[in-house]
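Colleague: Take this structure, written in structure tokens, and hold onto it; I'll ask about it next.
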Amino acid sequence: MALSNDDIRACANRLHQAEKTRTQIRQLSQDFPDISIADAIQKAWVDIKIAERRIVRGHKIGLTSKAMQSALGINEPDSGVLLDDMFFADGGLVPTERFIATRVEAELAFVMSKRLAGPDCTLFDVLNATDFVVPALEILDTRIERVDPRTKATRKIFDTIADNAANAGIVLGGRPIRPLDADLRWIGALCFKNGQLEETGLAAGVLNHPATAVAWLANKIAPLGLALEPGQIVLAGSFIRPIETRKGDTIQADYGAYGSVSCYFA
């Protein structure tokens, strides 16, 4: 590891305080140029939250599009952890005072029925281990500055992973789908902000098939002795560009025959 255990704990505490005080911190990659993906800052931060009695409810996958990977100079997605206090009701209120700079993405969420463990997990294993697929909105927030004001450098993959892959919230809605009852690649969404169409996309934008992203995650966490557990929810990755939001905005994603999901930033 490039960072000491003390450095990792200090970074996790900085992120935790940034979230609580709604004050962004400088990019960790600027303060620690030797930082690496192996430095388990995200885990240290999640451990702090678990110590505060938060409960792990699942995982999210990000940076699944080629465009986003190229922008950050990586060749694979990243992932984060979903906790119980991140879930908001469909059509419900999202308290803006809890966040710093929110954005929203449209995704498919996989609800696991069986334990899914790597290595060598495939798309077919994912479909067999999934109970339902559900339309979802992911709420993103950035506890780390996107652009360093001094150097003008943008966030690196190390920063996004440490920042729990920018995860802040999730809204589930629409109609649950059995994983073999539809060609998941062709499920799309029209995404509206305050009644105006902002973004559209197809789930095929997520690694050609959203279940491929879930298989990637199961294989990625296997060396850590982890697996996707029954009942957990996995956000497979966005197939639209993030929509910037602020207090007073309503976001709705229309998934056609599979229903819609929405939230209001109060």
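The chains in the structure tokens are called A, B, ... from first to last as shown; in each chain the residues are counted from 1, and the ligands are counted from 1 in the order shown.
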Taking 5 positions as the minimum chain separation for residues in the same chain, which residues sit within 8 Å of Thr142 of chain A when counting only C-alpha atoms? Answer as a list in words.

Modeller: Gln24, Ile100, Ala101, Thr102, Asp163 and Ala166 of chain A

Colleague: Suppose we keep C-alpha atoms; can you now write the selection as a short mmCIF file (atom, residue, chain, number, x, y, z; two decimals), in the first residue's frame?

Modeller:
data_model
loop_
_atom_site.label_atom_id
_atom_site.label_comp_id
_atom_site.auth_asym_id
_atom_site.auth_seq_id
_atom_site.Cartn_x
_atom_site.Cartn_y
_atom_site.Cartn_z
CA GLN A 24 -15.79 19.45 0.31
CA ILE A 100 -23.31 19.19 -0.87
CA ALA A 101 -23.80 19.10 -4.66
CA THR A 102 -26.29 16.50 -5.83
CA ASP A 163 -15.49 8.86 -1.83
CA ALA A 166 -19.81 9.43 -5.07
#

Colleague: Within 12 Å of segment 121-136 of chain A, which residues of segment 72-114 of chain A come that close, and what is the closest atom pair and distance in Å for each? Count only C-alpha atoms and give it as CSV.

Modeller:
residue,atom,partner,partner_atom,distance
A:Phe87,CA,A:Ala136,CA,10.8
A:Phe88,CA,A:Ala136,CA,10.7
A:Ala89,CA,A:Ala136,CA,10.8
A:Asp90,CA,A:Ala136,CA,9.0
A:Gly91,CA,A:Ala136,CA,11.6
A:Val104,CA,A:Ala136,CA,10.2
A:Glu105,CA,A:Ala136,CA,8.5
A:Ala106,CA,A:Ala136,CA,6.1
A:Glu107,CA,A:Ala136,CA,5.3
A:Leu108,CA,A:Pro135,CA,4.9
A:Ala109,CA,A:Val134,CA,5.1
A:Phe110,CA,A:Val133,CA,4.6
A:Val111,CA,A:Phe132,CA,5.2
A:Met112,CA,A:Thr130,CA,4.4
A:Ser113,CA,A:Asp131,CA,4.8
A:Lys114,CA,A:Ala129,CA,4.8

Colleague: Taking 2 positions as the minimum chain separation for residues in the same chain, which residues sit within 8 Å of segment 213-216 of chain A when counting only C-alpha atoms? Answer as a list in words.

Modeller: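 The residues satisfying every condition are Ile61, Thr64, Gly118, Cys121, Thr122, Leu123, Asp125, Val126, Val206, Leu207, His209, Pro210, Ala211, Ala218, Asn219, Lys220, Val234, Ala236 and Gly237 of chain A.
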
Colleague: Please report the interatomic distance between atom CA of Leu217 of chain A and atom CA of Glu52 of chain A in Å with one decimal.

Modeller: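 Result for atom CA of Leu217 of chain A versus atom CA of Glu52 of chain A: 25.8 Å, one decimal.
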
Colleague: Identify, on the basis of only C-alpha atoms, every residue whose closest approach to Ala182 of chain A does not exceed 12 Å; exclude the query and any residue fewer than 3 positions from it along the same chain; express the result as a list in words.

Modeller: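 Near Ala182 of chain A, the qualifying residues are Leu127, Phe132, Val133, Val134, Pro176, Ile177, Arg178, Pro179, Arg185, Trp186, Ile187, Gly188, Ala203, Ala257 and Tyr258 of chain A.
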
Colleague: Export, as a CSV table (one decimal), in the first residue's frame, the selected residues with all heavy atoms.

Modeller:
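The result, stored in again_10.csv:
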chain,number,residue,atom,x,y,z
A,127,LEU,N,-28.0,-13.5,-13.7
A,127,LEU,CA,-29.5,-13.6,-14.0
A,127,LEU,C,-30.1,-14.7,-13.1
A,127,LEU,O,-31.2,-14.6,-12.6
A,127,LEU,CB,-29.7,-13.9,-15.4
A,127,LEU,CG,-29.2,-12.8,-16.4
A,127,LEU,CD1,-29.4,-13.2,-17.8
A,127,LEU,CD2,-30.0,-11.5,-16.1
A,132,PHE,N,-35.4,-9.8,-8.7
A,132,PHE,CA,-36.1,-8.8,-9.5
A,132,PHE,C,-35.0,-7.8,-10.0
A,132,PHE,O,-34.0,-7.6,-9.4
A,132,PHE,CB,-37.1,-8.0,-8.7
A,132,PHE,CG,-38.3,-8.9,-8.4
A,132,PHE,CD1,-38.5,-9.3,-7.1
A,132,PHE,CD2,-39.3,-9.1,-9.3
A,132,PHE,CE1,-39.6,-10.1,-6.7
A,132,PHE,CE2,-40.4,-9.9,-8.9
A,132,PHE,CZ,-40.6,-10.4,-7.6
A,133,VAL,N,-35.4,-7.1,-11.1
A,133,VAL,CA,-34.7,-5.9,-11.6
A,133,VAL,C,-35.7,-4.8,-11.5
A,133,VAL,O,-36.8,-4.9,-11.9
A,133,VAL,CB,-34.1,-6.1,-13.0
A,133,VAL,CG1,-33.4,-4.9,-13.5
A,133,VAL,CG2,-33.2,-7.3,-13.1
A,134,VAL,N,-35.2,-3.7,-10.9
A,134,VAL,CA,-36.1,-2.6,-10.6
A,134,VAL,C,-35.6,-1.3,-11.2
A,134,VAL,O,-34.4,-1.0,-11.0
A,134,VAL,CB,-36.3,-2.4,-9.1
A,134,VAL,CG1,-37.4,-1.4,-8.8
A,134,VAL,CG2,-36.7,-3.8,-8.5
A,176,PRO,N,-41.3,-4.0,-10.8
A,176,PRO,CA,-40.2,-5.0,-10.7
A,176,PRO,C,-40.3,-6.0,-11.9
A,176,PRO,O,-41.4,-6.4,-12.3
A,176,PRO,CB,-40.5,-5.7,-9.4
A,176,PRO,CG,-41.3,-4.8,-8.6
A,176,PRO,CD,-42.1,-4.0,-9.6
A,177,ILE,N,-39.2,-6.4,-12.4
A,177,ILE,CA,-39.1,-7.2,-13.6
A,177,ILE,C,-38.3,-8.5,-13.2
A,177,ILE,O,-37.2,-8.4,-12.6
A,177,ILE,CB,-38.3,-6.5,-14.7
A,177,ILE,CG1,-38.8,-5.1,-14.9
A,177,ILE,CG2,-38.3,-7.3,-16.0
A,177,ILE,CD1,-37.8,-4.1,-15.5
A,178,ARG,N,-38.9,-9.6,-13.6
A,178,ARG,CA,-38.1,-10.9,-13.5
A,178,ARG,C,-37.0,-10.8,-14.5
A,178,ARG,O,-37.2,-10.4,-15.7
A,178,ARG,CB,-39.0,-12.1,-13.7
A,178,ARG,CG,-40.0,-12.4,-12.7
A,178,ARG,CD,-39.4,-12.8,-11.4
A,178,ARG,NE,-40.4,-13.2,-10.4
A,178,ARG,CZ,-40.2,-13.5,-9.1
A,178,ARG,NH1,-38.9,-13.5,-8.7
A,178,ARG,NH2,-41.1,-13.9,-8.3
A,179,PRO,N,-35.7,-11.2,-14.1
A,179,PRO,CA,-34.6,-10.9,-15.0
A,179,PRO,C,-34.6,-11.6,-16.4
A,179,PRO,O,-34.0,-11.1,-17.3
A,179,PRO,CB,-33.4,-11.5,-14.2
A,179,PRO,CG,-34.0,-12.4,-13.2
A,179,PRO,CD,-35.4,-11.8,-12.9
A,185,ARG,N,-31.0,-5.2,-21.9
A,185,ARG,CA,-30.2,-4.3,-22.7
A,185,ARG,C,-31.1,-3.2,-23.3
A,185,ARG,O,-30.7,-2.0,-23.5
A,185,ARG,CB,-29.5,-5.0,-23.9
A,185,ARG,CG,-28.5,-6.0,-23.5
A,185,ARG,CD,-28.0,-6.7,-24.7
A,185,ARG,NE,-29.1,-7.2,-25.5
A,185,ARG,CZ,-29.1,-7.5,-26.8
A,185,ARG,NH1,-28.0,-7.2,-27.5
A,185,ARG,NH2,-30.1,-7.9,-27.4
A,186,TRP,N,-32.4,-3.5,-23.6
A,186,TRP,CA,-33.2,-2.6,-24.3
A,186,TRP,C,-34.2,-1.8,-23.4
A,186,TRP,O,-35.0,-1.1,-23.9
A,186,TRP,CB,-34.0,-3.3,-25.4
A,186,TRP,CG,-33.2,-3.7,-26.6
A,186,TRP,CD1,-32.5,-4.9,-26.8
A,186,TRP,CD2,-32.8,-2.9,-27.7
A,186,TRP,NE1,-31.8,-4.9,-27.9
A,186,TRP,CE2,-31.9,-3.6,-28.5
A,186,TRP,CE3,-33.1,-1.6,-28.0
A,186,TRP,CZ2,-31.4,-3.1,-29.7
A,186,TRP,CZ3,-32.5,-1.0,-29.2
A,186,TRP,CH2,-31.7,-1.8,-30.0
A,187,ILE,N,-34.0,-2.0,-22.1
A,187,ILE,CA,-34.8,-1.1,-21.2
A,187,ILE,C,-34.2,0.3,-21.2
A,187,ILE,O,-33.0,0.4,-21.0
A,187,ILE,CB,-34.8,-1.7,-19.8
A,187,ILE,CG1,-35.6,-3.0,-19.8
A,187,ILE,CG2,-35.4,-0.8,-18.8
A,187,ILE,CD1,-35.7,-3.7,-18.5
A,188,GLY,N,-35.0,1.3,-21.4
A,188,GLY,CA,-34.5,2.6,-21.5
A,188,GLY,C,-35.3,3.6,-20.6
A,188,GLY,O,-36.3,3.2,-20.1
A,203,ALA,N,-30.1,0.7,-21.2
A,203,ALA,CA,-29.3,0.0,-20.3
A,203,ALA,C,-28.1,-0.7,-20.9
A,203,ALA,O,-27.2,-1.1,-20.2
A,203,ALA,CB,-30.2,-1.0,-19.5
A,257,ALA,N,-43.0,0.8,-20.3
A,257,ALA,CA,-43.8,-0.3,-19.8
A,257,ALA,C,-43.3,-0.7,-18.4
A,257,ALA,O,-44.1,-1.4,-17.8
A,257,ALA,CB,-43.7,-1.4,-20.8
A,258,TYR,N,-42.2,-0.3,-18.0
A,258,TYR,CA,-41.7,-0.7,-16.7
A,258,TYR,C,-41.9,0.3,-15.6
A,258,TYR,O,-41.3,0.3,-14.5
A,258,TYR,CB,-40.2,-1.1,-16.8
A,258,TYR,CG,-40.0,-2.2,-17.9
A,258,TYR,CD1,-39.4,-1.8,-19.1
A,258,TYR,CD2,-40.4,-3.5,-17.7
A,258,TYR,CE1,-39.3,-2.8,-20.1
A,258,TYR,CE2,-40.3,-4.4,-18.6
A,258,TYR,CZ,-39.8,-4.1,-19.9
A,258,TYR,OH,-39.6,-5.1,-20.8

Colleague: Rounded to one decimal place, report the atom CA of Arg143 of chain A-atom CA of Phe99 of chain A distance in Å.

Modeller: 8.9 Å

Colleague: I need the alpha helix (DSSP H) residues of segment 75-235 of chain A per DSSP on the backbone, written as a PDB file with all heavy atoms, in the first residue's frame.

Modeller:
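Now in out.pdb:
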ATOM      1  N   LEU A 123     -22.458 -13.359 -16.549  1.00  0.00           N
ATOM      2  CA  LEU A 123     -23.770 -12.739 -16.741  1.00  0.00           C
ATOM      3  C   LEU A 123     -24.883 -13.729 -16.419  1.00  0.00           C
ATOM      4  O   LEU A 123     -25.888 -13.376 -15.791  1.00  0.00           O
ATOM      5  CB  LEU A 123     -23.869 -12.243 -18.183  1.00  0.00           C
ATOM      6  CG  LEU A 123     -25.182 -11.634 -18.686  1.00  0.00           C
ATOM      7  CD1 LEU A 123     -24.889 -10.635 -19.801  1.00  0.00           C
ATOM      8  CD2 LEU A 123     -26.127 -12.711 -19.236  1.00  0.00           C
ATOM      9  N   PHE A 124     -24.719 -14.973 -16.822  1.00  0.00           N
ATOM     10  CA  PHE A 124     -25.761 -15.985 -16.600  1.00  0.00           C
ATOM     11  C   PHE A 124     -25.898 -16.306 -15.116  1.00  0.00           C
ATOM     12  O   PHE A 124     -27.011 -16.534 -14.621  1.00  0.00           O
ATOM     13  CB  PHE A 124     -25.442 -17.240 -17.410  1.00  0.00           C
ATOM     14  CG  PHE A 124     -25.200 -16.952 -18.864  1.00  0.00           C
ATOM     15  CD1 PHE A 124     -23.923 -16.992 -19.392  1.00  0.00           C
ATOM     16  CD2 PHE A 124     -26.247 -16.591 -19.685  1.00  0.00           C
ATOM     17  CE1 PHE A 124     -23.686 -16.699 -20.713  1.00  0.00           C
ATOM     18  CE2 PHE A 124     -26.039 -16.294 -21.023  1.00  0.00           C
ATOM     19  CZ  PHE A 124     -24.750 -16.344 -21.533  1.00  0.00           C
ATOM     20  N   ASP A 125     -24.787 -16.306 -14.385  1.00  0.00           N
ATOM     21  CA  ASP A 125     -24.849 -16.504 -12.937  1.00  0.00           C
ATOM     22  C   ASP A 125     -25.636 -15.376 -12.281  1.00  0.00           C
ATOM     23  O   ASP A 125     -26.407 -15.604 -11.344  1.00  0.00           O
ATOM     24  CB  ASP A 125     -23.440 -16.562 -12.343  1.00  0.00           C
ATOM     25  CG  ASP A 125     -22.628 -17.735 -12.857  1.00  0.00           C
ATOM     26  OD1 ASP A 125     -23.210 -18.824 -13.031  1.00  0.00           O
ATOM     27  OD2 ASP A 125     -21.416 -17.560 -13.090  1.00  0.00           O
ATOM     28  N   VAL A 126     -25.420 -14.154 -12.773  1.00  0.00           N
ATOM     29  CA  VAL A 126     -26.140 -12.997 -12.221  1.00  0.00           C
ATOM     30  C   VAL A 126     -27.639 -13.152 -12.437  1.00  0.00           C
ATOM     31  O   VAL A 126     -28.443 -12.969 -11.510  1.00  0.00           O
ATOM     32  CB  VAL A 126     -25.638 -11.688 -12.863  1.00  0.00           C
ATOM     33  CG1 VAL A 126     -26.507 -10.509 -12.425  1.00  0.00           C
ATOM     34  CG2 VAL A 126     -24.185 -11.441 -12.510  1.00  0.00           C
ATOM     35  N   LEU A 127     -28.045 -13.495 -13.659  1.00  0.00           N
ATOM     36  CA  LEU A 127     -29.469 -13.643 -13.956  1.00  0.00           C
ATOM     37  C   LEU A 127     -30.100 -14.743 -13.103  1.00  0.00           C
ATOM     38  O   LEU A 127     -31.235 -14.609 -12.633  1.00  0.00           O
ATOM     39  CB  LEU A 127     -29.671 -13.930 -15.441  1.00  0.00           C
ATOM     40  CG  LEU A 127     -29.217 -12.811 -16.398  1.00  0.00           C
ATOM     41  CD1 LEU A 127     -29.402 -13.242 -17.841  1.00  0.00           C
ATOM     42  CD2 LEU A 127     -29.965 -11.514 -16.130  1.00  0.00           C
ATOM     43  N   ASN A 128     -29.365 -15.825 -12.872  1.00  0.00           N
ATOM     44  CA  ASN A 128     -29.876 -16.919 -12.056  1.00  0.00           C
ATOM     45  C   ASN A 128     -29.971 -16.561 -10.581  1.00  0.00           C
ATOM     46  O   ASN A 128     -30.772 -17.149  -9.844  1.00  0.00           O
ATOM     47  CB  ASN A 128     -28.989 -18.163 -12.217  1.00  0.00           C
ATOM     48  CG  ASN A 128     -29.195 -18.851 -13.537  1.00  0.00           C
ATOM     49  OD1 ASN A 128     -30.285 -18.806 -14.105  1.00  0.00           O
ATOM     50  ND2 ASN A 128     -28.154 -19.492 -14.056  1.00  0.00           N
ATOM     51  N   ALA A 129     -29.166 -15.602 -10.134  1.00  0.00           N
ATOM     52  CA  ALA A 129     -29.130 -15.235  -8.714  1.00  0.00           C
ATOM     53  C   ALA A 129     -29.974 -14.007  -8.405  1.00  0.00           C
ATOM     54  O   ALA A 129     -30.015 -13.567  -7.251  1.00  0.00           O
ATOM     55  CB  ALA A 129     -27.688 -14.992  -8.282  1.00  0.00           C
ATOM     56  N   ILE A 157      -9.341   8.402 -10.248  1.00  0.00           N
ATOM     57  CA  ILE A 157     -10.102   7.225  -9.842  1.00  0.00           C
ATOM     58  C   ILE A 157      -9.914   6.926  -8.357  1.00  0.00           C
ATOM     59  O   ILE A 157     -10.833   6.479  -7.667  1.00  0.00           O
ATOM     60  CB  ILE A 157      -9.701   5.998 -10.709  1.00  0.00           C
ATOM     61  CG1 ILE A 157     -10.551   4.776 -10.368  1.00  0.00           C
ATOM     62  CG2 ILE A 157      -8.225   5.677 -10.557  1.00  0.00           C
ATOM     63  CD1 ILE A 157     -12.024   4.943 -10.660  1.00  0.00           C
ATOM     64  N   PHE A 158      -8.722   7.254  -7.817  1.00  0.00           N
ATOM     65  CA  PHE A 158      -8.470   7.027  -6.392  1.00  0.00           C
ATOM     66  C   PHE A 158      -9.426   7.863  -5.537  1.00  0.00           C
ATOM     67  O   PHE A 158      -9.881   7.425  -4.480  1.00  0.00           O
ATOM     68  CB  PHE A 158      -7.019   7.376  -6.044  1.00  0.00           C
ATOM     69  CG  PHE A 158      -6.028   6.923  -7.081  1.00  0.00           C
ATOM     70  CD1 PHE A 158      -5.352   7.839  -7.871  1.00  0.00           C
ATOM     71  CD2 PHE A 158      -5.781   5.573  -7.288  1.00  0.00           C
ATOM     72  CE1 PHE A 158      -4.449   7.433  -8.835  1.00  0.00           C
ATOM     73  CE2 PHE A 158      -4.882   5.152  -8.253  1.00  0.00           C
ATOM     74  CZ  PHE A 158      -4.217   6.079  -9.033  1.00  0.00           C
ATOM     75  N   ASP A 159      -9.699   9.089  -6.005  1.00  0.00           N
ATOM     76  CA  ASP A 159     -10.593   9.969  -5.268  1.00  0.00           C
ATOM     77  C   ASP A 159     -12.027   9.453  -5.298  1.00  0.00           C
ATOM     78  O   ASP A 159     -12.711   9.443  -4.270  1.00  0.00           O
ATOM     79  CB  ASP A 159     -10.546  11.386  -5.860  1.00  0.00           C
ATOM     80  CG  ASP A 159      -9.164  12.003  -5.793  1.00  0.00           C
ATOM     81  OD1 ASP A 159      -8.625  12.143  -4.675  1.00  0.00           O
ATOM     82  OD2 ASP A 159      -8.614  12.351  -6.858  1.00  0.00           O
ATOM     83  N   THR A 160     -12.488   9.028  -6.476  1.00  0.00           N
ATOM     84  CA  THR A 160     -13.875   8.580  -6.580  1.00  0.00           C
ATOM     85  C   THR A 160     -14.109   7.303  -5.780  1.00  0.00           C
ATOM     86  O   THR A 160     -15.148   7.138  -5.143  1.00  0.00           O
ATOM     87  CB  THR A 160     -14.290   8.350  -8.046  1.00  0.00           C
ATOM     88  OG1 THR A 160     -13.513   7.314  -8.621  1.00  0.00           O
ATOM     89  CG2 THR A 160     -14.133   9.623  -8.854  1.00  0.00           C
ATOM     90  N   ILE A 161     -13.139   6.389  -5.785  1.00  0.00           N
ATOM     91  CA  ILE A 161     -13.298   5.155  -5.004  1.00  0.00           C
ATOM     92  C   ILE A 161     -13.326   5.474  -3.512  1.00  0.00           C
ATOM     93  O   ILE A 161     -14.177   4.979  -2.760  1.00  0.00           O
ATOM     94  CB  ILE A 161     -12.184   4.152  -5.332  1.00  0.00           C
ATOM     95  CG1 ILE A 161     -12.336   3.630  -6.771  1.00  0.00           C
ATOM     96  CG2 ILE A 161     -12.208   2.981  -4.348  1.00  0.00           C
ATOM     97  CD1 ILE A 161     -11.211   2.728  -7.224  1.00  0.00           C
ATOM     98  N   ALA A 162     -12.388   6.309  -3.060  1.00  0.00           N
ATOM     99  CA  ALA A 162     -12.351   6.679  -1.649  1.00  0.00           C
ATOM    100  C   ALA A 162     -13.660   7.328  -1.219  1.00  0.00           C
ATOM    101  O   ALA A 162     -14.164   7.097  -0.099  1.00  0.00           O
ATOM    102  CB  ALA A 162     -11.186   7.626  -1.386  1.00  0.00           C
ATOM    103  N   PRO A 210     -26.412  -4.736 -18.364  1.00  0.00           N
ATOM    104  CA  PRO A 210     -26.215  -4.371 -16.958  1.00  0.00           C
ATOM    105  C   PRO A 210     -25.826  -5.536 -16.061  1.00  0.00           C
ATOM    106  O   PRO A 210     -25.133  -5.343 -15.054  1.00  0.00           O
ATOM    107  CB  PRO A 210     -27.568  -3.766 -16.550  1.00  0.00           C
ATOM    108  CG  PRO A 210     -28.538  -4.257 -17.567  1.00  0.00           C
ATOM    109  CD  PRO A 210     -27.768  -4.408 -18.838  1.00  0.00           C
ATOM    110  N   ALA A 211     -26.225  -6.760 -16.418  1.00  0.00           N
ATOM    111  CA  ALA A 211     -25.832  -7.911 -15.607  1.00  0.00           C
ATOM    112  C   ALA A 211     -24.328  -8.165 -15.672  1.00  0.00           C
ATOM    113  O   ALA A 211     -23.744  -8.738 -14.748  1.00  0.00           O
ATOM    114  CB  ALA A 211     -26.597  -9.160 -16.044  1.00  0.00           C
ATOM    115  N   THR A 212     -23.687  -7.727 -16.753  1.00  0.00           N
ATOM    116  CA  THR A 212     -22.234  -7.860 -16.859  1.00  0.00           C
ATOM    117  C   THR A 212     -21.549  -7.045 -15.775  1.00  0.00           C
ATOM    118  O   THR A 212     -20.518  -7.461 -15.214  1.00  0.00           O
ATOM    119  CB  THR A 212     -21.756  -7.396 -18.246  1.00  0.00           C
ATOM    120  OG1 THR A 212     -22.407  -8.177 -19.247  1.00  0.00           O
ATOM    121  CG2 THR A 212     -20.251  -7.546 -18.396  1.00  0.00           C
ATOM    122  N   ALA A 213     -22.120  -5.875 -15.452  1.00  0.00           N
ATOM    123  CA  ALA A 213     -21.554  -5.043 -14.398  1.00  0.00           C
ATOM    124  C   ALA A 213     -21.671  -5.735 -13.040  1.00  0.00           C
ATOM    125  O   ALA A 213     -20.750  -5.674 -12.217  1.00  0.00           O
ATOM    126  CB  ALA A 213     -22.256  -3.688 -14.362  1.00  0.00           C
ATOM    127  N   VAL A 214     -22.787  -6.393 -12.788  1.00  0.00           N
ATOM    128  CA  VAL A 214     -22.975  -7.088 -11.513  1.00  0.00           C
ATOM    129  C   VAL A 214     -21.983  -8.255 -11.406  1.00  0.00           C
ATOM    130  O   VAL A 214     -21.405  -8.504 -10.340  1.00  0.00           O
ATOM    131  CB  VAL A 214     -24.423  -7.582 -11.375  1.00  0.00           C
ATOM    132  CG1 VAL A 214     -24.624  -8.303 -10.046  1.00  0.00           C
ATOM    133  CG2 VAL A 214     -25.399  -6.399 -11.483  1.00  0.00           C
ATOM    134  N   ALA A 215     -21.763  -8.963 -12.512  1.00  0.00           N
ATOM    135  CA  ALA A 215     -20.763 -10.037 -12.519  1.00  0.00           C
ATOM    136  C   ALA A 215     -19.373  -9.485 -12.233  1.00  0.00           C
ATOM    137  O   ALA A 215     -18.587 -10.085 -11.482  1.00  0.00           O
ATOM    138  CB  ALA A 215     -20.782 -10.768 -13.857  1.00  0.00           C
ATOM    139  N   TRP A 216     -19.059  -8.329 -12.830  1.00  0.00           N
ATOM    140  CA  TRP A 216     -17.762  -7.684 -12.568  1.00  0.00           C
ATOM    141  C   TRP A 216     -17.583  -7.428 -11.085  1.00  0.00           C
ATOM    142  O   TRP A 216     -16.525  -7.695 -10.510  1.00  0.00           O
ATOM    143  CB  TRP A 216     -17.662  -6.364 -13.347  1.00  0.00           C
ATOM    144  CG  TRP A 216     -16.458  -5.554 -12.951  1.00  0.00           C
ATOM    145  CD1 TRP A 216     -15.205  -5.638 -13.458  1.00  0.00           C
ATOM    146  CD2 TRP A 216     -16.409  -4.539 -11.929  1.00  0.00           C
ATOM    147  NE1 TRP A 216     -14.361  -4.753 -12.813  1.00  0.00           N
ATOM    148  CE2 TRP A 216     -15.073  -4.070 -11.878  1.00  0.00           C
ATOM    149  CE3 TRP A 216     -17.351  -3.996 -11.056  1.00  0.00           C
ATOM    150  CZ2 TRP A 216     -14.671  -3.078 -10.978  1.00  0.00           C
ATOM    151  CZ3 TRP A 216     -16.949  -3.015 -10.165  1.00  0.00           C
ATOM    152  CH2 TRP A 216     -15.627  -2.565 -10.139  1.00  0.00           C
ATOM    153  N   LEU A 217     -18.627  -6.916 -10.438  1.00  0.00           N
ATOM    154  CA  LEU A 217     -18.523  -6.602  -9.012  1.00  0.00           C
ATOM    155  C   LEU A 217     -18.313  -7.865  -8.177  1.00  0.00           C
ATOM    156  O   LEU A 217     -17.464  -7.883  -7.279  1.00  0.00           O
ATOM    157  CB  LEU A 217     -19.784  -5.871  -8.553  1.00  0.00           C
ATOM    158  CG  LEU A 217     -19.812  -5.507  -7.068  1.00  0.00           C
ATOM    159  CD1 LEU A 217     -18.660  -4.574  -6.715  1.00  0.00           C
ATOM    160  CD2 LEU A 217     -21.156  -4.872  -6.697  1.00  0.00           C
ATOM    161  N   ALA A 218     -19.076  -8.917  -8.463  1.00  0.00           N
ATOM    162  CA  ALA A 218     -18.923 -10.165  -7.712  1.00  0.00           C
ATOM    163  C   ALA A 218     -17.494 -10.694  -7.831  1.00  0.00           C
ATOM    164  O   ALA A 218     -16.912 -11.169  -6.845  1.00  0.00           O
ATOM    165  CB  ALA A 218     -19.924 -11.206  -8.204  1.00  0.00           C
ATOM    166  N   ASN A 219     -16.918 -10.591  -9.019  1.00  0.00           N
ATOM    167  CA  ASN A 219     -15.538 -11.049  -9.210  1.00  0.00           C
ATOM    168  C   ASN A 219     -14.540 -10.118  -8.535  1.00  0.00           C
ATOM    169  O   ASN A 219     -13.506 -10.570  -8.020  1.00  0.00           O
ATOM    170  CB  ASN A 219     -15.229 -11.155 -10.709  1.00  0.00           C
ATOM    171  CG  ASN A 219     -15.997 -12.270 -11.375  1.00  0.00           C
ATOM    172  OD1 ASN A 219     -16.270 -13.306 -10.763  1.00  0.00           O
ATOM    173  ND2 ASN A 219     -16.377 -12.083 -12.632  1.00  0.00           N
ATOM    174  N   LYS A 220     -14.848  -8.827  -8.523  1.00  0.00           N
ATOM    175  CA  LYS A 220     -13.925  -7.837  -7.955  1.00  0.00           C
ATOM    176  C   LYS A 220     -13.794  -7.985  -6.447  1.00  0.00           C
ATOM    177  O   LYS A 220     -12.705  -7.830  -5.881  1.00  0.00           O
ATOM    178  CB  LYS A 220     -14.413  -6.423  -8.303  1.00  0.00           C
ATOM    179  CG  LYS A 220     -13.425  -5.318  -7.976  1.00  0.00           C
ATOM    180  CD  LYS A 220     -12.233  -5.360  -8.903  1.00  0.00           C
ATOM    181  CE  LYS A 220     -11.300  -4.195  -8.667  1.00  0.00           C
ATOM    182  NZ  LYS A 220     -10.124  -4.232  -9.576  1.00  0.00           N
ATOM    183  N   ILE A 221     -14.892  -8.275  -5.763  1.00  0.00           N
ATOM    184  CA  ILE A 221     -14.853  -8.350  -4.309  1.00  0.00           C
ATOM    185  C   ILE A 221     -14.517  -9.748  -3.792  1.00  0.00           C
ATOM    186  O   ILE A 221     -14.275  -9.925  -2.596  1.00  0.00           O
ATOM    187  CB  ILE A 221     -16.178  -7.861  -3.686  1.00  0.00           C
ATOM    188  CG1 ILE A 221     -17.344  -8.776  -4.063  1.00  0.00           C
ATOM    189  CG2 ILE A 221     -16.460  -6.419  -4.093  1.00  0.00           C
ATOM    190  CD1 ILE A 221     -18.679  -8.370  -3.425  1.00  0.00           C
TER     191      ILE A 221
END

Colleague: Just the number, please: distance in Å from atom CA of Asn13 of chain A to atom CA of Ile144 of chain A, one decimal.

Modeller: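 Atom CA of Asn13 of chain A sits 12.7 Å away from atom CA of Ile144 of chain A.
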
Colleague: Counting only C-alpha atoms, figure out which residue out of A:Asp181, A:Asp31, A:Glu198, A:Glu244 gets nearest to Thr151 of chain A.

Modeller: A:Asp31

Colleague: Can you tell me, as a list in words, what residues are no more than 10 Å from segment 46-51 of chain A when counting only C-alpha atoms, ignoring any on the same chain fewer than 3 positions away?

Modeller: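 Residues near the query, excluding close chain neighbours: Arg9, Ala12, Asn13, His16, Ile41, Gln42, Lys43, Arg54, Ile55, Val56, Gly80, Val81, Leu82, Leu83, Ala162 and Asn164 of chain A.
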
Colleague: Rank nothing, just name the residue among A:Leu197, A:Leu224, A:Ile240, A:Ile170 nearest to Leu63 of chain A, using only C-alpha atoms.

Modeller: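 Distance minimum relative to Leu63 of chain A lands on A:Ile240.
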